[in-house]
file work15.txt (compact mmCIF, C-alpha atoms and all ligand atoms)
# COMPACT_ATOMS: atom_id res chain seq x y z
CA MET A 1 -17.72 21.10 -136.18
CA SER A 2 -15.08 23.35 -137.77
CA ASP A 3 -13.47 26.10 -135.71
CA HIS A 4 -15.37 28.68 -137.66
CA ALA A 5 -18.83 27.12 -137.60
CA PRO A 6 -21.23 29.00 -135.31
CA HIS A 7 -21.52 27.57 -131.80
CA PRO A 8 -24.61 27.85 -129.61
CA ALA A 9 -24.19 30.87 -127.30
CA SER A 10 -24.35 28.70 -124.21
CA ILE A 11 -25.71 25.42 -122.96
CA ALA A 12 -26.74 24.09 -119.53
CA VAL A 13 -25.68 20.49 -118.89
CA PRO A 14 -26.95 18.47 -115.91
CA ALA A 15 -24.00 17.84 -113.57
CA ALA A 16 -24.38 14.04 -113.46
CA ARG A 17 -24.50 13.79 -117.26
CA LEU A 18 -21.48 16.06 -117.67
CA GLN A 19 -19.53 14.04 -115.11
CA ALA A 20 -20.34 10.78 -116.93
CA TYR A 21 -19.34 12.33 -120.31
CA VAL A 22 -15.98 13.51 -118.95
CA ALA A 23 -15.39 10.10 -117.38
CA GLU A 24 -16.06 8.41 -120.73
CA ILE A 25 -13.62 10.75 -122.46
CA PHE A 26 -10.79 9.95 -120.02
CA ALA A 27 -11.56 6.22 -120.14
CA ALA A 28 -11.31 6.39 -123.94
CA ALA A 29 -8.07 8.37 -123.58
CA GLY A 30 -6.48 5.52 -121.59
CA CYS A 31 -7.37 5.98 -117.89
CA GLU A 32 -8.76 3.13 -115.77
CA ALA A 33 -12.50 3.55 -115.16
CA GLU A 34 -11.98 4.58 -111.52
CA GLU A 35 -9.49 7.31 -112.39
CA ALA A 36 -11.59 8.53 -115.31
CA ALA A 37 -14.61 8.81 -112.98
CA ARG A 38 -12.52 10.70 -110.41
CA ILE A 39 -11.35 13.22 -113.01
CA GLY A 40 -14.96 13.73 -114.07
CA ARG A 41 -16.06 14.16 -110.47
CA TYR A 42 -13.47 16.82 -109.57
CA LEU A 43 -13.70 18.81 -112.80
CA VAL A 44 -17.47 18.98 -112.45
CA SER A 45 -17.07 19.81 -108.75
CA ALA A 46 -15.13 22.95 -109.79
CA ASN A 47 -17.94 23.94 -112.18
CA LEU A 48 -20.52 23.30 -109.46
CA ALA A 49 -18.57 25.61 -107.14
CA GLY A 50 -18.70 28.28 -109.84
CA HIS A 51 -15.00 28.00 -110.75
CA ASP A 52 -15.45 27.24 -114.43
CA SER A 53 -11.78 28.08 -114.89
CA HIS A 54 -10.93 24.76 -113.20
CA GLY A 55 -13.80 22.71 -114.51
CA VAL A 56 -14.53 20.79 -117.69
CA ILE A 57 -12.99 23.53 -119.84
CA ARG A 58 -9.73 21.74 -118.96
CA VAL A 59 -10.73 18.49 -120.71
CA PRO A 60 -9.04 19.17 -124.10
CA ARG A 61 -5.85 20.31 -122.39
CA TYR A 62 -5.73 17.34 -119.98
CA VAL A 63 -6.29 14.89 -122.85
CA ALA A 64 -3.53 16.57 -124.88
CA TRP A 65 -1.17 16.35 -121.88
CA LEU A 66 -2.00 12.65 -121.43
CA LYS A 67 -1.22 11.97 -125.11
CA GLU A 68 2.07 13.90 -124.87
CA GLY A 69 3.05 12.08 -121.67
CA ALA A 70 3.05 15.35 -119.73
CA VAL A 71 0.61 13.78 -117.26
CA ARG A 72 0.49 10.04 -116.52
CA ALA A 73 -2.47 7.79 -115.87
CA GLY A 74 -2.58 5.36 -112.95
CA GLN A 75 0.08 6.88 -110.69
CA ARG A 76 0.46 6.54 -106.91
CA LEU A 77 2.50 8.63 -104.48
CA THR A 78 6.13 7.82 -103.79
CA ILE A 79 7.16 8.62 -100.21
CA VAL A 80 10.45 10.52 -100.30
CA GLN A 81 10.75 11.23 -96.55
CA GLU A 82 8.42 10.57 -93.65
CA THR A 83 8.03 11.12 -89.90
CA PRO A 84 4.84 10.77 -87.80
CA SER A 85 4.03 14.44 -88.43
CA HIS A 86 5.25 15.05 -91.97
CA ALA A 87 5.88 13.52 -95.36
CA VAL A 88 7.48 14.59 -98.59
CA VAL A 89 5.72 12.83 -101.45
CA ASP A 90 6.24 12.68 -105.19
CA GLY A 91 3.14 12.62 -107.38
CA ASN A 92 5.11 11.14 -110.31
CA CYS A 93 3.30 13.51 -112.69
CA GLY A 94 0.08 11.54 -112.10
CA PHE A 95 -3.30 13.21 -112.48
CA GLY A 96 -3.82 15.74 -109.68
CA GLN A 97 -7.29 14.26 -109.23
CA THR A 98 -5.59 10.97 -108.24
CA VAL A 99 -2.42 11.95 -106.37
CA GLY A 100 -4.08 15.02 -104.74
CA PRO A 101 -6.60 13.07 -102.64
CA LEU A 102 -3.93 10.47 -101.76
CA ALA A 103 -1.72 13.25 -100.35
CA VAL A 104 -4.67 14.72 -98.41
CA ASP A 105 -5.56 11.33 -96.95
CA LEU A 106 -1.98 10.88 -95.75
CA GLY A 107 -2.16 14.29 -94.02
CA ILE A 108 -5.48 13.39 -92.40
CA VAL A 109 -4.14 10.16 -90.91
CA LYS A 110 -1.04 11.91 -89.54
CA ALA A 111 -2.86 14.98 -88.13
CA LYS A 112 -5.41 12.76 -86.38
CA THR A 113 -2.49 11.24 -84.45
CA THR A 114 -0.13 14.16 -83.95
CA GLY A 115 -2.52 17.14 -84.04
CA LEU A 116 -0.54 18.86 -86.80
CA ALA A 117 0.90 17.41 -90.00
CA ALA A 118 2.69 18.82 -93.03
CA ILE A 119 2.57 17.12 -96.42
CA ALA A 120 4.88 18.42 -99.12
CA LEU A 121 3.65 17.19 -102.50
CA ARG A 122 5.90 17.60 -105.52
CA ARG A 123 5.33 16.77 -109.19
CA ALA A 124 1.54 16.43 -109.07
CA GLY A 125 -0.40 16.80 -112.30
CA HIS A 126 -2.72 19.83 -112.30
CA LEU A 127 -4.51 19.82 -108.93
CA GLY A 128 -7.49 21.79 -110.23
CA ARG A 129 -9.62 23.58 -107.66
CA ILE A 130 -7.61 23.51 -104.42
CA GLY A 131 -10.79 23.99 -102.36
CA ASP A 132 -11.64 20.35 -103.14
CA TRP A 133 -8.61 19.25 -101.11
CA GLY A 134 -9.42 21.56 -98.21
CA GLU A 135 -13.00 20.28 -98.24
CA ARG A 136 -11.75 16.68 -98.13
CA ALA A 137 -9.75 17.45 -94.96
CA ALA A 138 -12.70 19.37 -93.47
CA GLU A 139 -14.93 16.32 -93.97
CA ALA A 140 -12.51 14.53 -91.62
CA GLY A 141 -12.90 17.39 -89.10
CA LEU A 142 -9.54 19.05 -89.84
CA LEU A 143 -8.48 22.59 -90.66
CA SER A 144 -6.02 22.86 -93.52
CA LEU A 145 -3.80 25.38 -95.25
CA HIS A 146 -2.49 24.82 -98.78
CA PHE A 147 0.19 26.75 -100.65
CA VAL A 148 0.50 25.85 -104.32
CA ASN A 149 2.81 26.65 -107.23
CA VAL A 150 3.21 25.44 -110.78
CA ALA A 151 6.64 24.19 -111.83
CA GLY A 152 7.35 25.48 -115.30
CA GLY A 153 4.16 27.51 -115.32
CA GLU A 154 5.21 31.11 -115.03
CA LEU A 155 2.42 33.48 -116.07
CA THR A 156 2.36 36.29 -113.52
CA ALA A 157 4.52 39.39 -113.17
CA PRO A 158 5.85 40.40 -109.73
CA PHE A 159 4.70 43.77 -108.39
CA GLY A 160 6.77 46.44 -110.10
CA GLY A 161 7.73 44.18 -113.06
CA VAL A 162 6.28 43.10 -116.41
CA SER A 163 8.17 39.82 -116.97
CA ARG A 164 6.54 36.55 -115.93
CA ARG A 165 8.08 35.14 -112.74
CA PHE A 166 5.30 33.38 -110.75
CA ALA A 167 2.58 30.91 -111.59
CA THR A 168 -0.95 31.83 -110.48
CA ASN A 169 -0.09 30.21 -107.12
CA PRO A 170 -3.32 29.62 -105.19
CA ILE A 171 -3.66 29.63 -101.41
CA CYS A 172 -6.47 27.78 -99.64
CA ILE A 173 -7.49 27.80 -95.97
CA THR A 174 -10.40 25.61 -94.91
CA VAL A 175 -12.11 25.41 -91.53
CA PRO A 176 -14.72 22.73 -90.76
CA ARG A 177 -18.07 23.72 -89.24
CA ALA A 178 -20.05 21.58 -86.86
CA GLY A 179 -22.61 19.75 -88.98
CA GLY A 180 -22.20 22.18 -91.85
CA VAL A 181 -20.40 22.93 -95.06
CA PRO A 182 -16.86 24.18 -94.26
CA LEU A 183 -15.55 27.72 -94.56
CA VAL A 184 -13.30 27.71 -97.64
CA LEU A 185 -11.00 30.54 -98.61
CA ASP A 186 -9.48 29.53 -101.93
CA PHE A 187 -8.04 31.88 -104.53
CA ALA A 188 -5.21 32.45 -106.95
CA THR A 189 -2.64 35.09 -105.99
CA SER A 190 -2.88 36.41 -109.55
CA ARG A 191 -5.60 39.03 -110.09
CA VAL A 192 -7.57 36.22 -111.78
CA ALA A 193 -6.79 32.52 -112.30
CA GLU A 194 -5.37 31.74 -115.77
CA GLY A 195 -8.42 29.57 -116.42
CA LYS A 196 -10.60 32.69 -116.10
CA VAL A 197 -8.65 34.24 -118.99
CA LEU A 198 -9.14 30.93 -120.83
CA VAL A 199 -12.90 31.15 -120.19
CA ALA A 200 -12.90 34.78 -121.45
CA SER A 201 -10.93 33.75 -124.56
CA GLN A 202 -13.68 31.22 -125.33
CA GLY A 203 -16.54 33.66 -125.26
CA GLY A 204 -17.21 33.30 -121.51
CA LYS A 205 -17.20 35.98 -118.80
CA LYS A 206 -14.65 38.76 -119.43
CA VAL A 207 -11.84 39.29 -116.92
CA PRO A 208 -11.47 42.65 -115.11
CA ASP A 209 -9.58 45.20 -117.21
CA ASP A 210 -6.69 45.38 -114.73
CA SER A 211 -5.95 41.62 -114.82
CA LEU A 212 -3.04 41.63 -117.30
CA ILE A 213 0.00 43.72 -118.08
CA GLY A 214 1.69 44.18 -121.45
CA PRO A 215 5.45 44.25 -122.10
CA ASP A 216 5.27 48.06 -122.19
CA GLY A 217 3.51 48.19 -118.80
CA THR A 218 0.00 48.76 -120.25
CA ILE A 219 -2.69 47.35 -117.95
CA SER A 220 -5.56 45.54 -119.71
CA GLY A 221 -8.10 42.69 -119.67
CA ASP A 222 -7.24 41.43 -123.16
CA PRO A 223 -6.67 37.59 -123.22
CA ARG A 224 -4.32 38.04 -126.21
CA LEU A 225 -1.67 39.31 -123.78
CA LEU A 226 -1.58 35.73 -122.50
CA TYR A 227 -2.34 33.65 -125.60
CA GLY A 228 -1.33 35.79 -128.58
CA GLU A 229 -3.78 35.79 -131.51
CA ILE A 230 -6.90 33.79 -130.66
CA GLU A 231 -8.77 31.67 -133.18
CA GLY A 232 -11.84 29.50 -132.61
CA THR A 233 -11.52 26.51 -130.32
CA HIS A 234 -7.78 25.93 -130.89
CA LEU A 235 -6.00 24.92 -127.67
CA ARG A 236 -4.83 28.13 -126.06
CA ASP A 237 -1.08 28.33 -125.54
CA ALA A 238 -0.01 30.70 -122.79
CA THR A 239 3.56 30.78 -124.09
CA LYS A 240 2.35 32.69 -127.15
CA GLY A 241 1.33 35.97 -125.46
CA LYS A 242 3.78 38.78 -124.81
CA GLY A 243 2.22 39.97 -121.56
CA ALA A 244 1.62 38.58 -118.06
CA LEU A 245 -1.09 38.24 -115.44
CA ARG A 246 -0.88 40.71 -112.56
CA THR A 247 -0.97 39.71 -108.90
CA PHE A 248 -3.96 40.77 -106.76
CA GLY A 249 -3.49 43.38 -104.05
CA GLU A 250 -0.36 44.95 -105.56
CA HIS A 251 2.73 44.14 -103.38
CA LYS A 252 0.72 41.94 -100.97
CA GLY A 253 -0.47 39.40 -103.54
CA SER A 254 2.95 39.54 -105.16
CA GLY A 255 4.59 38.69 -101.82
CA LEU A 256 2.18 35.78 -101.25
CA ALA A 257 2.86 34.45 -104.77
CA PHE A 258 6.60 34.64 -104.08
CA MET A 259 6.19 32.72 -100.81
CA CYS A 260 4.08 30.05 -102.57
CA GLU A 261 7.05 29.45 -104.88
CA LEU A 262 9.33 28.98 -101.87
CA LEU A 263 6.90 26.74 -99.91
CA ALA A 264 5.41 24.69 -102.77
CA GLY A 265 8.40 24.80 -105.12
CA CYS A 266 11.58 24.92 -103.00
CA LEU A 267 10.46 23.25 -99.74
CA THR A 268 8.68 20.33 -101.45
CA GLY A 269 11.85 19.66 -103.45
CA GLY A 270 9.82 20.17 -106.64
CA ALA A 271 10.57 23.19 -108.79
CA THR A 272 9.72 26.87 -108.85
CA SER A 273 7.95 28.35 -111.82
CA GLY A 274 10.50 29.55 -114.28
CA PRO A 275 11.71 28.80 -117.75
CA MET A 276 10.56 25.34 -118.77
CA PRO A 277 13.31 22.75 -118.15
CA GLU A 278 14.61 20.70 -121.09
CA GLY A 279 12.65 17.52 -121.87
CA PRO A 280 8.90 16.95 -122.30
CA ARG A 281 6.86 20.12 -121.82
CA ARG A 282 5.26 19.39 -118.49
CA ILE A 283 3.39 21.54 -116.01
CA THR A 284 3.14 20.15 -112.49
CA ASN A 285 1.78 21.53 -109.24
CA GLY A 286 3.70 21.59 -105.97
CA MET A 287 1.62 21.88 -102.80
CA LEU A 288 2.67 22.36 -99.19
CA SER A 289 -0.30 21.47 -96.97
CA LEU A 290 -0.69 21.79 -93.21
CA TYR A 291 -3.42 19.76 -91.51
CA ILE A 292 -4.59 20.72 -88.01
CA ASP A 293 -6.85 18.73 -85.70
CA PRO A 294 -8.76 21.29 -83.60
CA GLY A 295 -9.21 18.65 -80.92
CA HIS A 296 -5.49 19.05 -80.13
CA PHE A 297 -5.84 22.87 -79.86
CA ALA A 298 -8.98 24.68 -78.63
CA GLY A 299 -10.75 21.36 -78.01
CA ALA A 300 -14.52 21.15 -77.65
CA GLY A 301 -14.93 24.95 -77.57
CA PHE A 302 -13.58 25.40 -81.10
CA ALA A 303 -16.75 24.65 -83.07
CA ARG A 304 -18.84 26.98 -80.91
CA ALA A 305 -16.26 29.79 -81.14
CA VAL A 306 -16.21 29.49 -84.97
CA GLU A 307 -20.02 29.64 -85.15
CA ASP A 308 -20.23 32.62 -82.80
CA TYR A 309 -17.60 34.59 -84.67
CA ALA A 310 -18.98 33.69 -88.13
CA ALA A 311 -22.44 34.89 -87.02
CA TYR A 312 -20.92 38.13 -85.69
CA VAL A 313 -19.16 38.81 -89.03
CA LYS A 314 -22.34 38.02 -91.01
CA ALA A 315 -24.23 40.49 -88.85
CA ALA A 316 -22.01 43.39 -90.01
CA GLN A 317 -23.96 46.29 -91.48
CA PRO A 318 -24.06 45.73 -95.29
CA ALA A 319 -22.36 48.42 -97.38
CA SER A 320 -25.50 48.86 -99.50
CA PRO A 321 -29.19 48.38 -98.62
CA ASP A 322 -29.51 45.27 -100.80
CA GLY A 323 -26.00 44.03 -99.92
CA GLU A 324 -24.94 41.14 -97.73
CA VAL A 325 -21.73 40.05 -96.02
CA LEU A 326 -20.68 36.59 -97.21
CA LEU A 327 -18.25 34.23 -95.51
CA PRO A 328 -15.49 32.43 -97.44
CA GLY A 329 -17.10 29.50 -99.22
CA GLU A 330 -20.65 30.87 -99.20
CA PRO A 331 -20.67 31.97 -102.86
CA GLU A 332 -19.60 28.44 -103.85
CA ILE A 333 -22.35 26.83 -101.72
CA ARG A 334 -24.99 28.97 -103.42
CA THR A 335 -23.65 28.35 -106.91
CA ARG A 336 -23.50 24.61 -106.23
CA GLU A 337 -27.16 24.56 -105.16
CA ALA A 338 -28.22 26.60 -108.20
CA ARG A 339 -26.22 24.53 -110.70
CA LEU A 340 -27.34 21.20 -109.25
CA ALA A 341 -30.87 22.38 -109.92
CA ALA A 342 -30.45 24.14 -113.29
CA GLY A 343 -27.39 22.46 -114.84
CA ILE A 344 -23.88 23.73 -115.49
CA PRO A 345 -23.72 26.63 -117.96
CA LEU A 346 -20.98 26.27 -120.58
CA SER A 347 -20.21 28.61 -123.44
CA GLY A 348 -20.84 27.20 -126.91
CA GLU A 349 -17.11 27.34 -127.64
CA THR A 350 -16.21 25.38 -124.51
CA TRP A 351 -18.84 22.74 -125.33
CA ALA A 352 -17.56 22.53 -128.92
CA ALA A 353 -13.93 22.20 -127.76
CA ILE A 354 -14.86 19.31 -125.42
CA GLY A 355 -16.94 17.76 -128.22
CA ALA A 356 -13.99 17.94 -130.63
CA THR A 357 -11.74 16.14 -128.12
CA ALA A 358 -14.46 13.54 -127.47
CA ALA A 359 -15.01 12.98 -131.20
CA GLU A 360 -11.29 12.27 -131.73
CA LEU A 361 -11.67 9.54 -129.09
CA ARG A 362 -14.94 8.33 -130.67
CA VAL A 363 -16.99 9.28 -127.59
CA PRO A 364 -20.46 10.50 -128.63
CA PRO A 365 -21.87 13.59 -126.93
CA PRO A 366 -24.60 13.02 -124.34
CA SER A 367 -28.17 13.60 -125.48
CA LEU A 368 -29.43 16.72 -123.74
P1 LIG B 1 -11.95 33.97 -106.66
O1 LIG B 1 -11.29 35.25 -106.99
O2 LIG B 1 -13.27 33.68 -107.25
O3 LIG B 1 -12.03 33.88 -105.07
C1 LIG B 1 -12.66 32.77 -104.49
C2 LIG B 1 -12.62 32.89 -102.99
O4 LIG B 1 -13.16 34.13 -102.54
C3 LIG B 1 -13.47 31.80 -102.37
O5 LIG B 1 -12.92 31.42 -101.15
C4 LIG B 1 -14.82 32.50 -102.18
O6 LIG B 1 -15.62 31.90 -101.20
C5 LIG B 1 -14.36 33.89 -101.77
N1 LIG B 1 -15.34 34.91 -102.13
C6 LIG B 1 -15.75 35.24 -103.37
N2 LIG B 1 -16.65 36.24 -103.32
C7 LIG B 1 -16.81 36.55 -102.02
C8 LIG B 1 -17.62 37.51 -101.31
N3 LIG B 1 -18.44 38.34 -101.95
N4 LIG B 1 -17.51 37.55 -99.97
C9 LIG B 1 -16.68 36.71 -99.32
N5 LIG B 1 -15.90 35.80 -99.92
C10 LIG B 1 -15.97 35.71 -101.25
O7 LIG B 1 -10.99 32.72 -107.01
P2 LIG B 1 -9.83 32.64 -108.11
O8 LIG B 1 -8.64 33.39 -107.68
O9 LIG B 1 -10.43 32.97 -109.43
O10 LIG B 1 -9.48 31.09 -108.08
C11 LIG B 1 -10.39 30.16 -108.68
C12 LIG B 1 -9.96 28.76 -108.45
O11 LIG B 1 -8.76 28.51 -109.17
C13 LIG B 1 -9.63 28.35 -107.02
O12 LIG B 1 -10.41 27.23 -106.72
C14 LIG B 1 -8.15 27.98 -107.03
O13 LIG B 1 -7.81 26.92 -106.18
C15 LIG B 1 -7.96 27.58 -108.46
N6 LIG B 1 -6.56 27.70 -108.92
C16 LIG B 1 -5.84 26.56 -109.09
C17 LIG B 1 -4.54 26.63 -109.58
C18 LIG B 1 -3.73 25.40 -109.79
O14 LIG B 1 -2.58 25.50 -110.21
N7 LIG B 1 -4.23 24.22 -109.53
C19 LIG B 1 -3.97 27.88 -109.88
C20 LIG B 1 -4.73 29.02 -109.67
C21 LIG B 1 -6.04 28.93 -109.19

call {"tool": "encode", "arguments": {"input": "work15.txt", "output": "C-alpha cells", "more": "lines below"}}
Ligand code: NAD
result
Amino acid sequence: MSDHAPHPASIAVPAARLQAYVAEIFAAAGCEAEEAARIGRYLVSANLAGHDSHGVIRVPRYVAWLKEGAVRAGQRLTIVQETPSHAVVDGNCGFGQTVGPLAVDLGIVKAKTTGLAAIALRRAGHLGRIGDWGERAAEAGLLSLHFVNVAGGELTAPFGGVSRRFATNPICITVPRAGGVPLVLDFATSRVAEGKVLVASQGGKKVPDDSLIGPDGTISGDPRLLYGEIEGTHLRDATKGKGALRTFGEHKGSGLAFMCELLAGCLTGGATSGPMPEGPRRITNGMLSLYIDPGHFAGAGFARAVEDYAAYVKAAQPASPDGEVLLPGEPEIRTREARLAAGIPLSGETWAAIGATAAELRVPPPSL
C-alpha cells in the first residue's frame, strides 16, 4: 500500500494473532524464534494494558534499528560488578524484551536472599512498558522501584526551558497483592510518553494541548513540534522537530526527570540523554531498579495492611456522582480484560506501517 492510499480508520486484532504476527516479523528480521516470540509477547502486553505508545506501533522502528545494528539480537547480560545485594549489568544493546527480564530475574534472586537488591542496567535496547518489569517482580512476591532514562534520547525540556535536555524518563513502582494483580504505578515524567505523540501522528488519539513546547515557548499538542512535517506512514524521526515535550507537574516532574538521568544514566555507568555520541545512531535505556522482599520488612502483616489501605482509598467519596477512585494499575487491568475479549484496536495507519515492514520481510498479514 502506498503512503497515500486510504487506510481503514481502525482495526481490532485478536491479541494472540497479533502476538504471533509480530513474532513472525522479528523471526524473519533475524531473531531466534524464542526472542521473536518474547518481543511479540511484550509489545502486545503493552497494547493489552492500554499503552499503545509502547505496543506494536514500535515494530517498524525496532526492525529498522535491528537492520542498522542499533539494537542487537541474541544478547545476554554482562556482569560489570556484583555483590550479594547489587549488580551493575550491561545489556550490550540487546533487545530490552530480552535483557530486561534477565536483569529483573537477577534482582529477584538477590532480593529473596538479602531482602533488598539494586540492579543497575546500562545499554539495554528499548525496554518498552516498564510496568512489565515491575509485574514480573511482583509475580515473585517483591515490591520494586524502577528509574529509567534513554541515553541519546533527549526529547523533553526542563521546567523553565525550551531546549531538549531529558528523555521521557519513566518511573515505575509496583506492589504485589495477596492473590491478586499487583498495584502498578508506571508513567513517563514527560507530560505524555513520546509514543503517545507517535500514536497521535498516525491518526490515533490526540495528545493534550499542553504536551509540547515550541522554540518560542508556545505550548501546543501538535506532533510536528517533535517530528517536523508528517507524511503518511513514513518512520517518524524525533530529531526533525524544532520543539520539545514538556514534563508533567511543572517543576516536580522536571525534577524527577532530572533524577532519572542521574540514577539511570550516571549511576548505572551508562549515559545521560544528551547529544547523540559519534558512531551508530543508537538509543538505549538505562534502568536503576530496587527490589524489596516484604518478608524482610513488615513480614506477614504487609499484605493485610496493603489491602486495608487500598480499600480505604477506594472508598473515598468520588468527585462526581458517576465517578470512581481507581488505584494505580486498575485502568490497565480493565483495558486488558476488554481487549482480550474484543481485540486490540489499531489505527489504519499503524496497521499499514506494520504491514509495510512485514511485506519487506515477506511475512504475510494474518487473516482477520
Ligand atoms: P499514563 O499517563 O497513562 O499513566 C499511567 C499510570 O497512571 C499507571 O500507573 C495507571 O495505572 C495510572 N492511572 C491512570 N489513570 C488513572 C486513574 N484515573 N486513577 C489512578 N491511576 C491512574 O502513562 P504514560 O506516562 O503515558 O506512560 C505510558 C507507558 O510508557 C508506561 O508504561 C511507561 O513505562 C512507558 N514509557 C517507557 C519509556 C522507555 O523509555 N522505555 C519511556 C517513557 C514511557

call {"tool": "residues_near_ligand", "arguments": {"input": "work15.txt", "ligand": "ligand LIG 1 (chain B)", "cutoff": "6 Å", "atoms": "all atoms listed in the file", "output": "list in words"}}
result
His51, His54, His126, Leu127, Gly128, Arg129, Ile130, Gly131, Val150, Thr168, Asn169, Pro170, Val184, Leu185, Asp186, Phe187, Ala188, Val192, Ala193, Asn285, Leu326, Leu327, Pro328, Gly329, Glu330, Pro331 and Glu332 of chain A

call {"tool": "atom_distance", "arguments": {"input": "work15.txt", "atom1": "CA of Leu102 (chain A)", "atom2": "CA of Arg38 (chain A)"}}
result
12.2 Å

call {"tool": "closest_residue", "arguments": {"input": "work15.txt", "among": "A:Gly94, A:Pro208, A:Gly69, A:Gly74", "to": "Glu32 (chain A)", "atoms": "all atoms listed in the file"}}
result
A:Gly74

call {"tool": "residues_around", "arguments": {"input": "work15.txt", "residues": "Lys112 (chain A)", "least_positions_apart": "3", "cutoff": "12 Å", "atoms": "all atoms listed in the file", "output": "VMD selection string"}}
result
chain A and resid 84 to 85 105 to 109 115 to 117 137 140 to 143 291 to 296

call {"tool": "closest_residue", "arguments": {"input": "work15.txt", "among": "A:Gly228, A:Gly50, A:Pro345, A:Gly243", "to": "Gly214 (chain A)", "atoms": "all atoms listed in the file"}}
result
A:Gly243

call {"tool": "closest_residue", "arguments": {"input": "work15.txt", "among": "A:Val325, A:Leu288, A:Ala138, A:Ile57", "to": "Ala87 (chain A)", "atoms": "only C-alpha atoms"}}
result
A:Leu288

call {"tool": "closest_residue", "arguments": {"input": "work15.txt", "among": "A:Ser53, A:Ala46, A:Ala257, A:Phe95", "to": "Val207 (chain A)", "atoms": "only C-alpha atoms"}}
result
A:Ser53

call {"tool": "closest_residue", "arguments": {"input": "work15.txt", "among": "A:Lys110, A:Lys67, A:Arg177, A:Arg123", "to": "Ala29 (chain A)", "atoms": "only C-alpha atoms"}}
result
A:Lys67

call {"tool": "closest_residue", "arguments": {"input": "work15.txt", "among": "A:Ala303, A:Leu235, A:Arg58, A:Thr189", "to": "Gly249 (chain A)", "atoms": "all atoms listed in the file"}}
result
A:Thr189

call {"tool": "build_atoms", "arguments": {"input": "work15.txt", "residues": "region 299-311 of chain A", "atoms": "N, CA, C and O atoms", "output": "PDB file, keeping the file's coordinate frame"}}
result
ATOM      1  N   GLY A 299      -9.902  22.423 -78.561  1.00  0.00           N
ATOM      2  CA  GLY A 299     -10.750  21.360 -78.010  1.00  0.00           C
ATOM      3  C   GLY A 299     -12.213  21.592 -78.329  1.00  0.00           C
ATOM      4  O   GLY A 299     -12.570  22.181 -79.355  1.00  0.00           O
ATOM      5  N   ALA A 300     -13.079  21.166 -77.396  1.00  0.00           N
ATOM      6  CA  ALA A 300     -14.520  21.150 -77.650  1.00  0.00           C
ATOM      7  C   ALA A 300     -15.075  22.548 -77.909  1.00  0.00           C
ATOM      8  O   ALA A 300     -16.113  22.698 -78.560  1.00  0.00           O
ATOM      9  N   GLY A 301     -14.405  23.584 -77.411  1.00  0.00           N
ATOM     10  CA  GLY A 301     -14.930  24.950 -77.570  1.00  0.00           C
ATOM     11  C   GLY A 301     -14.737  25.515 -78.971  1.00  0.00           C
ATOM     12  O   GLY A 301     -15.333  26.538 -79.316  1.00  0.00           O
ATOM     13  N   PHE A 302     -13.944  24.835 -79.804  1.00  0.00           N
ATOM     14  CA  PHE A 302     -13.580  25.400 -81.100  1.00  0.00           C
ATOM     15  C   PHE A 302     -14.799  25.623 -82.009  1.00  0.00           C
ATOM     16  O   PHE A 302     -15.007  26.714 -82.545  1.00  0.00           O
ATOM     17  N   ALA A 303     -15.617  24.572 -82.132  1.00  0.00           N
ATOM     18  CA  ALA A 303     -16.750  24.650 -83.070  1.00  0.00           C
ATOM     19  C   ALA A 303     -17.686  25.790 -82.676  1.00  0.00           C
ATOM     20  O   ALA A 303     -18.149  26.560 -83.521  1.00  0.00           O
ATOM     21  N   ARG A 304     -17.953  25.922 -81.383  1.00  0.00           N
ATOM     22  CA  ARG A 304     -18.840  26.980 -80.910  1.00  0.00           C
ATOM     23  C   ARG A 304     -18.242  28.365 -81.187  1.00  0.00           C
ATOM     24  O   ARG A 304     -18.914  29.287 -81.670  1.00  0.00           O
ATOM     25  N   ALA A 305     -16.928  28.491 -80.928  1.00  0.00           N
ATOM     26  CA  ALA A 305     -16.260  29.790 -81.140  1.00  0.00           C
ATOM     27  C   ALA A 305     -16.318  30.184 -82.612  1.00  0.00           C
ATOM     28  O   ALA A 305     -16.545  31.354 -82.941  1.00  0.00           O
ATOM     29  N   VAL A 306     -16.145  29.197 -83.519  1.00  0.00           N
ATOM     30  CA  VAL A 306     -16.210  29.490 -84.970  1.00  0.00           C
ATOM     31  C   VAL A 306     -17.616  29.969 -85.324  1.00  0.00           C
ATOM     32  O   VAL A 306     -17.790  30.976 -86.021  1.00  0.00           O
ATOM     33  N   GLU A 307     -18.645  29.258 -84.828  1.00  0.00           N
ATOM     34  CA  GLU A 307     -20.020  29.640 -85.150  1.00  0.00           C
ATOM     35  C   GLU A 307     -20.351  31.033 -84.628  1.00  0.00           C
ATOM     36  O   GLU A 307     -20.958  31.844 -85.318  1.00  0.00           O
ATOM     37  N   ASP A 308     -19.921  31.315 -83.393  1.00  0.00           N
ATOM     38  CA  ASP A 308     -20.230  32.620 -82.800  1.00  0.00           C
ATOM     39  C   ASP A 308     -19.573  33.738 -83.607  1.00  0.00           C
ATOM     40  O   ASP A 308     -20.192  34.748 -83.918  1.00  0.00           O
ATOM     41  N   TYR A 309     -18.305  33.516 -83.966  1.00  0.00           N
ATOM     42  CA  TYR A 309     -17.600  34.590 -84.670  1.00  0.00           C
ATOM     43  C   TYR A 309     -18.141  34.758 -86.095  1.00  0.00           C
ATOM     44  O   TYR A 309     -18.321  35.888 -86.581  1.00  0.00           O
ATOM     45  N   ALA A 310     -18.437  33.619 -86.758  1.00  0.00           N
ATOM     46  CA  ALA A 310     -18.980  33.690 -88.130  1.00  0.00           C
ATOM     47  C   ALA A 310     -20.308  34.466 -88.111  1.00  0.00           C
ATOM     48  O   ALA A 310     -20.560  35.316 -88.977  1.00  0.00           O
ATOM     49  N   ALA A 311     -21.147  34.200 -87.105  1.00  0.00           N
ATOM     50  CA  ALA A 311     -22.440  34.890 -87.020  1.00  0.00           C
ATOM     51  C   ALA A 311     -22.221  36.390 -86.780  1.00  0.00           C
ATOM     52  O   ALA A 311     -22.934  37.232 -87.351  1.00  0.00           O
TER      53      ALA A 311
END
